[in-house]
Amino acid sequence: MKKRNKLRYKLLIKKYSFEVFLIMLGAMTMAIATSLFLLPNQLSSGGFSGIATITYYLFKWKMGTVIILLNIPFFIIAFIRIGKVFVIKSILGTLFLSTFIDFFERFNALTRDRFLACIYGGILIGLGTSLILKASASTGGSDMVSYIIKSFKPGLSTSNLIVIFDAIVITLNVICFKELEIGLYSAISIYLMGKVIDIVFEGIGFSKMVFIISKKYEKISNEISKQILRGSTAIYSKGMYTNEEKMMLMCIASRREVIDIRHIAKRVDPTSFTIITNVREVYGKGFKKA
C-alpha cells in the first residue's frame with residue numbers, strides 16, 4: 001500500500017512539474033509576442049492584455065503589473081466558483097506572463113510593420129496559449145471571465161463570451177488610439193491565434209470521410225482495398241425519392257487518398273454518387289492511436 005501511494009505521489013509530482021513547465025514556456029512565448037510584436041505597434045490580442053496596452057500608452061504603467069491587478073478580483077471569484085487546482089495553475093500562468101512581459105519590454109521591437117507584427121504576434125500568442133491550455137490552465141483575462149459567467153449561466157457559449165469580450169476590448173483600443181487600422185490588424189491577430197490553437201489541438205493532417213452510393217459497391221470496395229490499402233464499410237441505405245434500397249460505402253482516408261478513391265468510383269461506376277466530408281480526428285488502425 002505504501003509503495004503504491006509513493007508511486008502515485010511520484011506520478012503526480014511528475015505530472016504537475018511537466019504542467020508547470022508547459023505553463024512557463026507558454027507564458028514566455030505569449031510574452032515575446034506581446035512585448036516584441038504587438039505592444040510596440042499598439043496592437044491587441046484582446047482580453048486584459050488589450051486593456052493593459054491602453055494603460056501602457058496613456059499612463060506608462062507596466063503592462064505585466066496591470067494584467068495582474070485586473071485579474072485579482074476574478075481569480076478570487078473563480079477560486080470559489082470553478083475550482084482550486086485550475087485557479088492555482090491559472091494564477092501561476094498569469095504571474096509568469098506578467099513577469100515575462102515586463103522583462104521583454106526592455107528589448108527593442110522585432111518589427112515596426114503592423115502587418116508583420118499582427119501575423120507573427122497572433123501565431124506566437126496562439127502557440128503559447130495552446131501550451132497553457134494543454135496544462136489545463138489559463139492566463140486569466142477573457143478566458144477566466146467567460147468561465148465565471150458560465151458558472152452562473154451554464155447555457156452560454158464560452159467561445160461567444162470570449163469573442164464578445166475581445167471585441168469590446170479591441171473597440172476600446174480603436175477609440176483610445178483613434179486608428180481604425182489598429183482594430184483591423186488586431187482582428188487578424190486574434191483570428192490567427194484561434195487557428196493556431198485549432199492546429200495544435202487537432203493537427204493539420206485532417207482525414208476525409210467518403211460515402212459512395214453505387215450498385216457496384218463490392219467492386220469499388222475491392223479496388224480501394226487493392227490500390228490504396230484502405231478498408232471500407234457497407235451500410236444499408238434507402239433513397240427516399242426513389243424508395244429504392246441500396247448499399248452505401250463508407251471509407252476514411254487521407255486527403256491525398258481521397259482523389260484516388262473518387263477516381264476509382266468514377267471508373268468502376270460512372271453513375272456512382274460520391275460524398276466527401278472532413279473528419280477532425282480518427283483513432284484506430286492506420287490512423288491515430290487512442
# chains A, B, ... in the order shown; residues from 1 in each chain; ligands from 1
call {"tool": "residues_around", "arguments": {"residues": "A:Gly64", "least_positions_apart": "2", "cutoff": "10 Å", "atoms": "only C-alpha atoms", "output": "PyMOL selection string"}}
result
chain A and resi 31+35+49+52-53+56+61-62+66-69+94-103+105
call {"tool": "write_last_selection", "arguments": {"atoms": "C-alpha atoms", "output": "short mmCIF file (atom, residue, chain, number, x, y, z; two decimals), in the first residue's frame"}}
result
data_model
loop_
_atom_site.label_atom_id
_atom_site.label_comp_id
_atom_site.auth_asym_id
_atom_site.auth_seq_id
_atom_site.Cartn_x
_atom_site.Cartn_y
_atom_site.Cartn_z
CA ALA A 31 5.17 37.49 -23.63
CA SER A 35 6.28 42.74 -25.90
CA SER A 49 -3.68 42.41 -22.43
CA ALA A 52 -3.13 46.86 -20.36
CA THR A 53 -1.95 48.10 -23.78
CA TYR A 56 0.64 51.42 -21.02
CA TRP A 61 2.05 51.73 -16.41
CA LYS A 62 3.90 48.45 -16.75
CA VAL A 66 -1.73 45.93 -14.86
CA ILE A 67 -2.59 42.39 -16.04
CA ILE A 68 -2.05 41.02 -12.53
CA LEU A 69 -4.14 43.77 -10.90
CA THR A 94 -0.69 34.94 -15.12
CA LEU A 95 2.35 35.57 -12.89
CA PHE A 96 4.69 34.00 -15.46
CA LEU A 97 3.08 36.01 -18.29
CA SER A 98 3.24 39.31 -16.42
CA THR A 99 6.86 38.77 -15.34
CA PHE A 100 8.00 37.82 -18.85
CA ILE A 101 6.13 40.75 -20.45
CA ASP A 102 7.83 43.26 -18.14
CA PHE A 103 11.19 41.58 -18.84
CA GLU A 105 9.61 45.19 -22.69
#
call {"tool": "residues_around", "arguments": {"residues": "stretch 121-138 of chain A", "least_positions_apart": "4", "cutoff": "8 Å", "atoms": "only C-alpha atoms", "output": "number ranges by chain"}}
result
A: 19-20, 22-23, 25-30, 32-34, 37-38, 45, 86-87, 89-90, 93-94, 117, 143-144, 188-197, 200-201
call {"tool": "select_by_dssp", "arguments": {"residues": "stretch 41-140 of chain A", "states": "helix (DSSP H, G or I)", "output": "JSON, numbers by chain"}}
result
{"A": [41, 47, 48, 49, 50, 51, 52, 53, 54, 55, 56, 57, 58, 59, 63, 64, 65, 66, 67, 68, 69, 70, 71, 72, 73, 74, 75, 76, 77, 78, 79, 80, 81, 84, 85, 86, 87, 88, 89, 90, 91, 92, 93, 94, 95, 96, 97, 98, 99, 100, 101, 102, 103, 104, 114, 115, 116, 117, 118, 119, 120, 121, 122, 123, 124, 125, 126, 127, 128, 129, 130, 131, 132, 133, 134]}
call {"tool": "atom_distance", "arguments": {"atom1": "atom CA of A:Leu43", "atom2": "atom CA of A:Leu110"}}
result
13.9 Å
call {"tool": "atom_distance", "arguments": {"atom1": "atom CA of A:Val163", "atom2": "atom CA of A:Ile88"}}
result
24.6 Å
call {"tool": "closest_residue", "arguments": {"among": "A:Thr111, A:Ser225, A:Thr171, A:Ser214", "to": "A:Ser272", "atoms": "only C-alpha atoms"}}
result
A:Ser214
call {"tool": "closest_residue", "arguments": {"among": "A:Leu229, A:Thr139, A:Met209, A:Asn41", "to": "A:Ile72", "atoms": "only C-alpha atoms"}}
result
A:Thr139
call {"tool": "residues_around", "arguments": {"residues": "stretch 237-239 of chain A", "least_positions_apart": "5", "cutoff": "9 Å", "atoms": "only C-alpha atoms", "output": "NGL selection string"}}
result
:A and (213 or 244-248)
call {"tool": "atom_distance", "arguments": {"atom1": "atom CA of A:Met63", "atom2": "atom CA of A:Tyr16"}}
result
28.1 Å
call {"tool": "residues_around", "arguments": {"residues": "stretch 266-271 of chain A", "least_positions_apart": "3", "cutoff": "8 Å", "atoms": "only C-alpha atoms", "output": "list in words"}}
result
Ser214, Lys216, Lys219, Ile220, Arg262 and His263 of chain A
call {"tool": "select_by_dssp", "arguments": {"residues": "stretch 21-267 of chain A", "states": "strand (DSSP E or B)", "output": "VMD selection string"}}
result
chain A and resid 207 to 213 233 to 239 244 to 253
call {"tool": "decode", "arguments": {"residues": "stretch 268-280 of chain A", "atoms": "N, CA, C and O atoms", "output": "short mmCIF file (atom, residue, chain, number, x, y, z; two decimals), in the first residue's frame"}}
result
data_model
loop_
_atom_site.label_atom_id
_atom_site.label_comp_id
_atom_site.auth_asym_id
_atom_site.auth_seq_id
_atom_site.Cartn_x
_atom_site.Cartn_y
_atom_site.Cartn_z
N VAL A 268 -15.14 2.70 -62.05
CA VAL A 268 -15.91 1.46 -61.92
C VAL A 268 -17.38 1.69 -62.24
O VAL A 268 -18.01 0.87 -62.91
N ASP A 269 -17.93 2.81 -61.75
CA ASP A 269 -19.34 3.11 -61.99
C ASP A 269 -19.51 4.61 -62.25
O ASP A 269 -19.56 5.41 -61.31
N PRO A 270 -19.57 5.00 -63.54
CA PRO A 270 -19.71 6.42 -63.88
C PRO A 270 -20.96 7.07 -63.28
O PRO A 270 -21.02 8.31 -63.16
N THR A 271 -21.95 6.27 -62.89
CA THR A 271 -23.18 6.83 -62.32
C THR A 271 -23.15 6.87 -60.79
O THR A 271 -24.16 7.19 -60.15
N SER A 272 -22.03 6.50 -60.21
CA SER A 272 -21.94 6.47 -58.74
C SER A 272 -22.08 7.88 -58.16
O SER A 272 -21.77 8.88 -58.81
N PHE A 273 -22.54 7.92 -56.92
CA PHE A 273 -22.76 9.19 -56.21
C PHE A 273 -21.78 9.24 -55.04
O PHE A 273 -21.79 8.37 -54.18
N THR A 274 -20.89 10.25 -55.03
CA THR A 274 -19.82 10.32 -54.03
C THR A 274 -19.94 11.58 -53.17
O THR A 274 -20.13 12.67 -53.70
N ILE A 275 -19.84 11.38 -51.87
CA ILE A 275 -19.89 12.50 -50.92
C ILE A 275 -18.58 12.49 -50.12
O ILE A 275 -18.19 11.46 -49.58
N ILE A 276 -17.91 13.64 -50.03
CA ILE A 276 -16.65 13.75 -49.30
C ILE A 276 -16.79 14.82 -48.22
O ILE A 276 -17.22 15.93 -48.50
N THR A 277 -16.43 14.47 -47.00
CA THR A 277 -16.52 15.43 -45.90
C THR A 277 -15.30 15.35 -45.01
O THR A 277 -14.58 14.35 -45.02
N ASN A 278 -15.05 16.40 -44.25
CA ASN A 278 -13.89 16.45 -43.35
C ASN A 278 -14.15 15.65 -42.07
O ASN A 278 -15.27 15.60 -41.58
N VAL A 279 -13.09 15.04 -41.56
CA VAL A 279 -13.15 14.34 -40.27
C VAL A 279 -12.03 14.91 -39.41
O VAL A 279 -10.87 14.89 -39.80
N ARG A 280 -12.36 15.42 -38.24
CA ARG A 280 -11.38 16.06 -37.38
C ARG A 280 -10.38 15.08 -36.79
O ARG A 280 -9.18 15.29 -36.84
#
